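Trainee: Handing you a structure now.
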Amino acid sequence: MSRNPLRDRILETMRRRDYRPLNKSEFARSLDLPSDKRSQLRRELAKLEADGQIEAGKKGRYALAADRGDELRGTIKFAPKGHGWFYPDPIDLEESDTGFDLEPGTRLYVSRQDTGKALDGDTVLVSLKQRPISPKQFRRNRQSGGRPQDDNDEPRAVVEAIVERRSGKIVGTYQQKGRNAWVKADDPAIEGSVELIGDTTARPGQMVVVAIENWQHSKPHGRIIEVLGWPDEAGVDILSIIHRNGIRTSFPDEVLAEARAFPEEVDPDEAARRENWRDRLVITIDPADAKDHDDAIWVERTDKGWKLGVHIADVSHYVKPRSSLDQEAVKRGNSTYLVDRVIPMLPVELSNGLCSLKPDVERLTKCAVIEVDRSGKVFKSRFCNAVIHSQAKLSYEQAQTILDGGDAPQGSPKELAGMVREAWKMAAALRKRRFARGALDLEMPEIRVILGDDGRASKIENVVHTESHQLIEECMLVANESVARILKIRNKPAIYRVHDDPDFSKLQEYGETAKAFGYEYGDLTNKKHVQQLLDAARGRPDEHAIKVGLLKSLKRAAYSPDPLGHYGLSKGDYCHFTSPIRRYADLVVHRALQPFLDNPPKKTDTTPKQAELAEIARHISDTERASGDAEGESKMIKLLDYLDQCARAEKPVVFEGLVTEIRSMGLMVEATDISTRGVIKREDLPGGRWRFESGTGRYAGPGGRTIELGQKLKMVVARIDHDRRFVDFQLAGEAGGTGGSDRRKGGGKPPGKTKSGTRRSSGKRPAKKGARKLPHQRRRKKR
């Protein structure tokens with residue numbers, strides 16, 4: 001899979017048993033390199049050393065980095081303030097002897113000075129050490145006679161070596177003064193600037209991509225490989241996100257050649273050997289703008305309940321193990337859905353073409369046929385290779401119209417409306433049983449940012465998850481569970497979707513948070529009590545805080561070669577089977593399922609061994625995290641762009657607001673019509689002095705006015721801190737003491753870029769630490 005033969009030769013040489021450390025000249029002679037290749041050798045050695053794969057010893061002789069059995073391998077992610085979070089590889093966590101008892105799913109704090117030469121998303125080796133005791137905790141322990149230990153017993157991580165760079169690239173602003181040029185990094189992993197190697201066509205103030213080549217005296221040096229453009233040019237913000245997260249955008253020629261070599265129509269011989277579903281009412285229900293339709297359903301009422309057919313695009317028929325398509329797909333791990341584009345895992349010839357289950361054309365599928373009784377219990381399942389001819393393509397909105405008693409779209413099959421309503425009855429039974437067995441309802445508000453032709457945000461819409469969304473969700477969940485069960489029973493190596501149980505201490509902390517909001521929480525190790533707490537908060541102003549508090553206490557779902565179960569879904573067997581067009585894990589599962597089909601192919605695909613599956617699972621968990629970060633960041637940038645326009649409009653846009661929390665520094669509020677959270681600072685409250693009454697948890701102001709929890713308000717945007725991504729609101733039509741309305745009247749500088757091209761905060765003061773982040777900055781636990 002490597003595209004760097006010289007690097008491979010270097011590492012291969014150093015891994016020989018008879019290797020002795022060599023310097024650069026000795027390496028060149030050993031590899032029999034011509035003189036014009038020696039500069040490339042020096043660069044590769046510097047990169048390998050910077051990545052932590054090799055070490056330079058005495059007299060500049062190189063050796064492989066020492067194997068450290070007491071260290072952990074994993075991924076580092078940087079926070080905006082510059083510190084990092086280390087996510088250990090679950091397999092490595094089991095095998096390493098660190099001296100600390102760490103649970104799977106643990107994340108460890110890495111202070112700024114301990115991040116070393118790591119960049120965001122890198123795979124690193126870390127050592128662990130006990131976190132220092134804060135002065136406050138030390139005094140508390142001494143007064144109470146307790147042991148000298150912090151409340152948080154988790155150690156902190158120290159980066160010792162870079163195992164593998166995610167991309168080795170950073171995004172920043174090109175700056176120049178006289179003959180000196182540098183790049184100011186727009187990356188929390190880089191403190192300061194990047195020294196440049198080589199020439200560039202960039203102009204001061206433009207956004208550029210820099211490939212880091214080496215570190216000298218703890219200072220990164222790199223070469224500009226792409227000029228993105230001016231910061232306020234359309235599309236530059238999204239390109240910056242793509243490069244910053246190391247997302248692959250273009251396909252190599254050999255991958256495109258493979259994809260384009262397939263005929264546009266299904267092979268008749270292959271279709272003939274498959275189970276024929278062409279005449280059945282198989283339909284898709286997807287977002288209105290979807291192009292990669294990878295799932296379709298069919299439902300029939302039976303004497304015992306229902307029979308469900310879940311058809312999934314048979315990507316494994318086209319993408320074979322070790323092919324160029326396969327190698328590129330595993331590198332990408334998944335498709336990435338940004339606010340203005342989709343970066344697919346597979347070329348569009350497959351993702352939007354031959355594999356997409358479009359209506360009125362033949363398509364190959366893997367089908368799970370599942371029988372469900374009236375209580376929502378699955379009592380029989382089987383699997384087959386099938387060929388379908390999708391008879392209807394519904395959007396979620398069209399399906400919801402049918403469920404609400406309306407008509408199917410004109411020209412649809414006459415049985416369509418009846419089947420959709422019957423499918424919802426089945427899904428409702430599955431859903432009821434799932435929650436009765438302990439699944440958690442963690443649905444969070446979502447928004448959709450609508451862009452204009454100029455790439456600027458023009459509108460914000462709430463995404464409402466209706467019964468039509470839940471219908472498809474339940475069908476996919478039951479198919480995933482059924483496939484995972486047969487793979488586990490047959491002991492077939494595969495990749496599972498796992499979500500570990502939360503730590504008891506984290507649940508206790510969450511319980512204290514809920515108690516502070518006035519809730520009684522019972523035994524939170526019992527999921528029914530957790531759901532009861534969520535139900536008690538539903539519809540209340542603090543519902544968001546209660547859900548976010550629970551999400552923070554839970555571990556992150558990930559991929560694993562071991563069937564460890566899924567806490568959030570309350571399922572003992574679970575995998576991803578239903579989206580092989582956009583997730584590599586599903587493609588692995590499809591290959592693993594082949595021997596257990598009613599009509600398996602003549603030659604089943606090989607599946608990786610357990611050790612390789614563990615490595616793939618680790619990698620695609622990382623790519624999923626990178627894509628999630630990019631998706632959230634792209635939405636956030638465009639959301640702030642929209643709110644920026646609202647703040648500067650001649651007639652300010654008024655939002656419906658709700659007070660969700662009251663603190664001494666101000667009001668935590670939510671603009672409910674766009675599901676966006678922010679703060680109204682105390683100094684921005686209108687008309688005189690306001691007093692925070694801690695006993696009653698409210699603000700009292702002039703003229704007997706009060707503001708309380710749950711109160712509805714009319715709000716406008718006061719200011720935006722683009723760097724920290726905070727939004728300050730103020731009451732509509734009422735300027736505060738030092739509020740942001742003066743800026744709209746011309747009293748302050750508009751938000752935008754400084755002469756150097758860096759983003760300027762739009763307000764007079766930076767957001768305070770107490771200001772709450774918008775919900776899209778908080779990681780949603782993925783299923």
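Residue numbering restarts at 1 in every chain; chains get A, B, ... in the order shown in the structure tokens, and ligands count up from 1 in that same order.
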DSSP on the backbone, then: every residue of region 203-332 of chain A marked alpha helix (DSSP H), written as a VMD selection string.

Mentor: chain A and resid 236 to 244 253 to 260 268 to 272 324 to 332

Trainee: Taking 6 positions as the minimum chain separation for residues in the same chain, which residues sit within 10 Å of Glu265 (chain A) when counting only C-alpha atoms? Answer as a JSON list (two decimals) with all heavy atoms, in the first residue's frame.

Mentor:
```
[["chain", "number", "residue", "atom", "x", "y", "z"],
["A", 353, "GLY", "N", -23.46, 5.30, -8.85],
["A", 353, "GLY", "CA", -23.84, 4.60, -10.07],
["A", 353, "GLY", "C", -24.20, 3.16, -9.86],
["A", 353, "GLY", "O", -25.28, 2.82, -9.39],
["A", 354, "LEU", "N", -23.26, 2.26, -10.15],
["A", 354, "LEU", "CA", -23.55, 0.84, -10.22],
["A", 354, "LEU", "C", -23.99, 0.24, -8.89],
["A", 354, "LEU", "O", -24.72, -0.75, -8.87],
["A", 354, "LEU", "CB", -22.30, 0.11, -10.73],
["A", 354, "LEU", "CG", -22.46, -1.33, -11.24],
["A", 354, "LEU", "CD1", -23.56, -1.43, -12.28],
["A", 354, "LEU", "CD2", -21.14, -1.83, -11.80],
["A", 361, "VAL", "N", -34.00, 0.28, -12.21],
["A", 361, "VAL", "CA", -32.83, -0.39, -12.79],
["A", 361, "VAL", "C", -32.49, -1.60, -11.92],
["A", 361, "VAL", "O", -32.80, -1.63, -10.72],
["A", 361, "VAL", "CB", -31.60, 0.54, -12.87],
["A", 361, "VAL", "CG1", -31.81, 1.64, -13.89],
["A", 361, "VAL", "CG2", -31.23, 1.11, -11.51],
["A", 362, "GLU", "N", -31.86, -2.61, -12.52],
["A", 362, "GLU", "CA", -31.46, -3.79, -11.76],
["A", 362, "GLU", "C", -30.22, -3.47, -10.93],
["A", 362, "GLU", "O", -29.30, -2.82, -11.39],
["A", 362, "GLU", "CB", -31.16, -4.96, -12.71],
["A", 362, "GLU", "CG", -32.39, -5.55, -13.34],
["A", 362, "GLU", "CD", -32.09, -6.83, -14.10],
["A", 362, "GLU", "OE1", -30.90, -7.19, -14.20],
["A", 362, "GLU", "OE2", -33.05, -7.47, -14.60],
["A", 363, "ARG", "N", -30.24, -3.99, -9.69],
["A", 363, "ARG", "CA", -29.11, -3.81, -8.81],
["A", 363, "ARG", "C", -28.90, -5.09, -7.98],
["A", 363, "ARG", "O", -29.86, -5.79, -7.63],
["A", 363, "ARG", "CB", -29.31, -2.63, -7.86],
["A", 363, "ARG", "CG", -29.19, -1.27, -8.52],
["A", 363, "ARG", "CD", -27.78, -0.99, -9.00],
["A", 363, "ARG", "NE", -27.60, 0.31, -9.62],
["A", 363, "ARG", "CZ", -27.54, 0.53, -10.91],
["A", 363, "ARG", "NH1", -27.68, -0.50, -11.77],
["A", 363, "ARG", "NH2", -27.35, 1.74, -11.40]]
```

Trainee: Env of Asp114 (chain A): 9 Å cut, atoms = only C-alpha atoms, seq-sep filter 6 positions within chain, self excluded. Answer as a short mmCIF file (atom, residue, chain, number, x, y, z; two decimals) with all heavy atoms, in the first residue's frame.

Mentor:
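Now in around34.cif:
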```cif
data_model
loop_
_atom_site.label_atom_id
_atom_site.label_comp_id
_atom_site.auth_asym_id
_atom_site.auth_seq_id
_atom_site.Cartn_x
_atom_site.Cartn_y
_atom_site.Cartn_z
N HIS A 83 -3.88 21.92 24.39
CA HIS A 83 -3.62 20.63 25.02
C HIS A 83 -4.24 19.53 24.16
O HIS A 83 -4.98 19.81 23.21
CB HIS A 83 -4.16 20.60 26.45
CG HIS A 83 -5.66 20.72 26.53
ND1 HIS A 83 -6.30 21.92 26.65
CD2 HIS A 83 -6.64 19.79 26.49
CE1 HIS A 83 -7.61 21.74 26.68
NE2 HIS A 83 -7.84 20.45 26.58
N GLY A 84 -3.92 18.31 24.48
CA GLY A 84 -4.41 17.20 23.67
C GLY A 84 -5.18 16.18 24.49
O GLY A 84 -5.14 16.18 25.72
N ALA A 157 -0.99 11.61 29.83
CA ALA A 157 -0.12 11.00 28.82
C ALA A 157 0.97 11.98 28.39
O ALA A 157 0.75 13.19 28.35
CB ALA A 157 -0.95 10.56 27.62
N VAL A 158 2.12 11.42 28.03
CA VAL A 158 3.24 12.19 27.51
C VAL A 158 3.66 11.55 26.18
O VAL A 158 3.97 10.36 26.13
CB VAL A 158 4.44 12.19 28.48
CG1 VAL A 158 5.62 12.97 27.89
CG2 VAL A 158 4.04 12.74 29.84
N VAL A 159 3.63 12.32 25.12
CA VAL A 159 3.99 11.79 23.80
C VAL A 159 5.48 11.49 23.75
O VAL A 159 6.31 12.36 24.01
CB VAL A 159 3.61 12.77 22.68
CG1 VAL A 159 4.10 12.26 21.33
CG2 VAL A 159 2.10 12.97 22.65
N GLU A 160 5.82 10.24 23.44
CA GLU A 160 7.22 9.82 23.36
C GLU A 160 7.69 9.65 21.92
O GLU A 160 8.87 9.84 21.62
CB GLU A 160 7.41 8.50 24.12
CG GLU A 160 7.04 8.55 25.59
CD GLU A 160 8.00 9.41 26.41
OE1 GLU A 160 9.03 9.83 25.87
OE2 GLU A 160 7.71 9.66 27.60
#
```

Trainee: Taking only region 217-328 of chain A into account, list the residues labelled strand (DSSP E or B) by DSSP (computed from the backbone), as a ChimeraX atom specification.

Mentor: /A:219-229,275-277,283-286,295-301,305-313

Trainee: Using only C-alpha atoms, determine which residues lie at most 9 Å from region 49-55 of chain A, disregarding the query and same-chain residues fewer than 6 positions distant; provide the list as a list in words.

Mentor: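 Counting only C-alpha atoms, the residues come to Leu11, Arg61, Tyr62, Ala63, Leu64, Ala65, Ala66, Lys117, Ala118, Val124, Leu125, Glu160, Ala161, Ile162, Val163, Glu164, Arg165, Gly168, Glu213, Asn214 and Trp215 of chain A.
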
Trainee: What would the file look like if the residues just selected were written as a tab-separated table (two decimals), in the first residue's frame with N, CA, C and O atoms?

Mentor:
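Saved to selection28.tsv:
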```tsv
chain	number	residue	atom	x	y	z
A	11	LEU	N	13.30	1.24	5.72
A	11	LEU	CA	12.76	0.50	6.85
A	11	LEU	C	13.05	-0.99	6.73
A	11	LEU	O	13.34	-1.66	7.73
A	61	ARG	N	24.20	7.97	13.41
A	61	ARG	CA	23.81	6.67	12.86
A	61	ARG	C	22.38	6.33	13.29
A	61	ARG	O	22.01	6.54	14.43
A	62	TYR	N	21.62	5.79	12.33
A	62	TYR	CA	20.19	5.60	12.55
A	62	TYR	C	19.84	4.16	12.91
A	62	TYR	O	20.44	3.21	12.39
A	63	ALA	N	18.83	4.04	13.78
A	63	ALA	CA	18.28	2.73	14.16
A	63	ALA	C	16.79	2.89	14.35
A	63	ALA	O	16.28	4.00	14.54
A	64	LEU	N	16.08	1.77	14.31
A	64	LEU	CA	14.65	1.81	14.59
A	64	LEU	C	14.41	2.29	16.00
A	64	LEU	O	15.21	2.02	16.91
A	65	ALA	N	13.31	3.02	16.19
A	65	ALA	CA	12.96	3.49	17.53
A	65	ALA	C	12.78	2.28	18.44
A	65	ALA	O	12.25	1.24	18.04
A	66	ALA	N	13.25	2.41	19.67
A	66	ALA	CA	13.22	1.29	20.62
A	66	ALA	C	11.79	0.87	20.91
A	66	ALA	O	10.87	1.69	20.97
A	117	LYS	N	6.17	16.52	19.18
A	117	LYS	CA	6.08	16.92	17.78
A	117	LYS	C	4.81	16.38	17.12
A	117	LYS	O	4.71	16.34	15.90
A	118	ALA	N	3.85	15.99	17.93
A	118	ALA	CA	2.62	15.41	17.38
A	118	ALA	C	1.76	16.47	16.71
A	118	ALA	O	1.73	17.63	17.13
A	124	VAL	N	0.41	7.87	17.92
A	124	VAL	CA	1.58	8.16	18.75
A	124	VAL	C	1.79	7.07	19.80
A	124	VAL	O	0.88	6.27	20.09
A	125	LEU	N	3.00	7.03	20.35
A	125	LEU	CA	3.30	6.26	21.55
A	125	LEU	C	3.40	7.23	22.71
A	125	LEU	O	4.05	8.27	22.60
A	160	GLU	N	5.82	10.24	23.44
A	160	GLU	CA	7.22	9.82	23.36
A	160	GLU	C	7.69	9.65	21.92
A	160	GLU	O	8.87	9.84	21.62
A	161	ALA	N	6.79	9.25	21.01
A	161	ALA	CA	7.19	9.02	19.62
A	161	ALA	C	5.98	9.10	18.72
A	161	ALA	O	4.84	8.85	19.14
A	162	ILE	N	6.23	9.47	17.48
A	162	ILE	CA	5.19	9.49	16.44
A	162	ILE	C	5.28	8.17	15.68
A	162	ILE	O	6.32	7.86	15.09
A	163	VAL	N	4.21	7.39	15.71
A	163	VAL	CA	4.19	6.12	14.99
A	163	VAL	C	3.84	6.36	13.52
A	163	VAL	O	4.46	5.82	12.61
A	164	GLU	N	2.82	7.19	13.30
A	164	GLU	CA	2.37	7.45	11.93
A	164	GLU	C	1.65	8.79	11.89
A	164	GLU	O	0.82	9.08	12.75
A	165	ARG	N	2.01	9.61	10.92
A	165	ARG	CA	1.32	10.88	10.73
A	165	ARG	C	-0.02	10.62	10.04
A	165	ARG	O	-0.11	9.79	9.15
A	168	GLY	N	0.54	14.77	8.07
A	168	GLY	CA	1.78	15.54	8.08
A	168	GLY	C	1.63	16.92	7.49
A	168	GLY	O	2.63	17.59	7.20
A	213	GLU	N	8.29	18.83	7.05
A	213	GLU	CA	9.37	17.94	6.63
A	213	GLU	C	10.32	17.59	7.76
A	213	GLU	O	10.87	16.49	7.79
A	214	ASN	N	10.55	18.51	8.69
A	214	ASN	CA	11.41	18.19	9.83
A	214	ASN	C	11.20	19.21	10.94
A	214	ASN	O	10.52	20.22	10.76
A	215	TRP	N	11.76	18.89	12.09
A	215	TRP	CA	11.72	19.80	13.24
A	215	TRP	C	13.17	20.11	13.62
A	215	TRP	O	13.97	19.20	13.81
```

Trainee: So how many Å separate CA of Pro263 (chain A) and CA of Pro321 (chain A), to one decimal?

Mentor: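 Distance between the two atoms: 19.7 Å.
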
Trainee: Please determine, counting only C-alpha atoms, which residue among A:Phe27, A:Phe729, A:Tyr584, A:Phe78 has the shortest atom-to-atom distance to Asn334 (chain A).

Mentor: A:Tyr584

Trainee: Find the spatial neighbours of region 542-551 of chain A, counting only C-alpha atoms, within a cut-off of 7 Å - ignore same-chain residues fewer than 2 positions away - and output them as a list in words.

Mentor: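 Everything that qualifies: Leu442, Tyr510, Ala514, Leu534, Ala537, Arg538, Gly539, Arg540, Ser553, Leu554, Thr660, Glu661 and Lys781 of chain A.
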
Trainee: With N, CA, C and O atoms kept, could you save the residues just selected as a short mmCIF file (atom, residue, chain, number, x, y, z; two decimals), in the first residue's frame?

Mentor:
```
data_model
loop_
_atom_site.label_atom_id
_atom_site.label_comp_id
_atom_site.auth_asym_id
_atom_site.auth_seq_id
_atom_site.Cartn_x
_atom_site.Cartn_y
_atom_site.Cartn_z
N LEU A 442 -30.97 9.09 22.94
CA LEU A 442 -29.98 10.17 22.99
C LEU A 442 -30.06 11.09 21.78
O LEU A 442 -29.07 11.71 21.39
N TYR A 510 -22.11 12.25 36.73
CA TYR A 510 -23.29 12.67 35.99
C TYR A 510 -24.49 12.79 36.92
O TYR A 510 -25.29 13.73 36.81
N ALA A 514 -26.99 15.99 37.50
CA ALA A 514 -28.44 15.95 37.43
C ALA A 514 -29.07 16.44 38.73
O ALA A 514 -30.08 17.15 38.74
N LEU A 534 -33.70 10.79 31.66
CA LEU A 534 -33.84 11.48 30.37
C LEU A 534 -35.31 11.82 30.11
O LEU A 534 -35.62 12.91 29.60
N ALA A 537 -36.48 14.85 32.01
CA ALA A 537 -35.98 16.13 31.49
C ALA A 537 -36.60 16.52 30.16
O ALA A 537 -36.43 17.67 29.73
N ARG A 538 -37.32 15.59 29.51
CA ARG A 538 -37.83 15.86 28.17
C ARG A 538 -38.79 17.05 28.18
O ARG A 538 -39.73 17.11 28.98
N GLY A 539 -38.51 18.01 27.29
CA GLY A 539 -39.37 19.17 27.16
C GLY A 539 -39.05 20.29 28.12
O GLY A 539 -39.62 21.38 28.02
N ARG A 540 -38.13 20.06 29.06
CA ARG A 540 -37.78 21.10 30.03
C ARG A 540 -36.60 21.92 29.52
O ARG A 540 -35.84 21.46 28.65
N SER A 553 -20.40 11.42 29.96
CA SER A 553 -20.06 10.32 30.87
C SER A 553 -19.91 8.99 30.13
O SER A 553 -19.38 8.03 30.68
N LEU A 554 -20.40 8.92 28.88
CA LEU A 554 -20.34 7.68 28.12
C LEU A 554 -19.04 7.59 27.32
O LEU A 554 -18.43 8.60 26.98
N THR A 660 -31.92 28.42 29.40
CA THR A 660 -31.69 27.01 29.77
C THR A 660 -30.89 26.87 31.06
O THR A 660 -30.86 25.79 31.64
N GLU A 661 -30.21 27.93 31.48
CA GLU A 661 -29.42 27.87 32.71
C GLU A 661 -29.11 29.30 33.12
O GLU A 661 -28.97 30.19 32.27
N LYS A 781 -22.30 10.96 20.33
CA LYS A 781 -21.91 9.54 20.34
C LYS A 781 -22.52 8.84 19.14
O LYS A 781 -23.73 8.84 18.95
#
```

Trainee: Set the distance at 8 Å and use only C-alpha atoms: which residues neighbour Asn352 (chain A) once local chain neighbours fewer than 5 positions away are removed? I'd like the list as an MDAnalysis selection string.

Mentor: chainID A and resid 291:293

Trainee: Nearest to Arg223 (chain A): which of A:Ser316, A:Thr201, A:Gln470, A:Gln532 is it, counting only C-alpha atoms?

Mentor: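 Of A:Ser316, A:Thr201, A:Gln470, A:Gln532, the one nearest Arg223 (chain A) is A:Thr201, counting only C-alpha atoms.
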
Trainee: Give the answer as one residue: which of A:Gly205, A:Ile581, A:Val299, A:Gly522 has the shortest atom-to-atom distance to Leu325 (chain A), using only C-alpha atoms?

Mentor: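 Residue with the minimum atom-to-atom distance to Leu325 (chain A): A:Ile581.
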
Trainee: Mind pulling up the distance from CA of Ile472 (chain A) to CA of Gln391 (chain A)?

Mentor: 16.8 Å

Trainee: Mind giving me the straight-line distance from CA of Leu394 (chain A) to CA of Val319 (chain A) in Å, one decimal?

Mentor: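 Pair CA of Leu394 (chain A) / CA of Val319 (chain A) returns 27.8 Å.
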
Trainee: From the list A:Lys635, A:Lys515, A:Arg248, A:Lys169, which residue is nearest Gly222 (chain A) when using only C-alpha atoms?

Mentor: A:Lys169
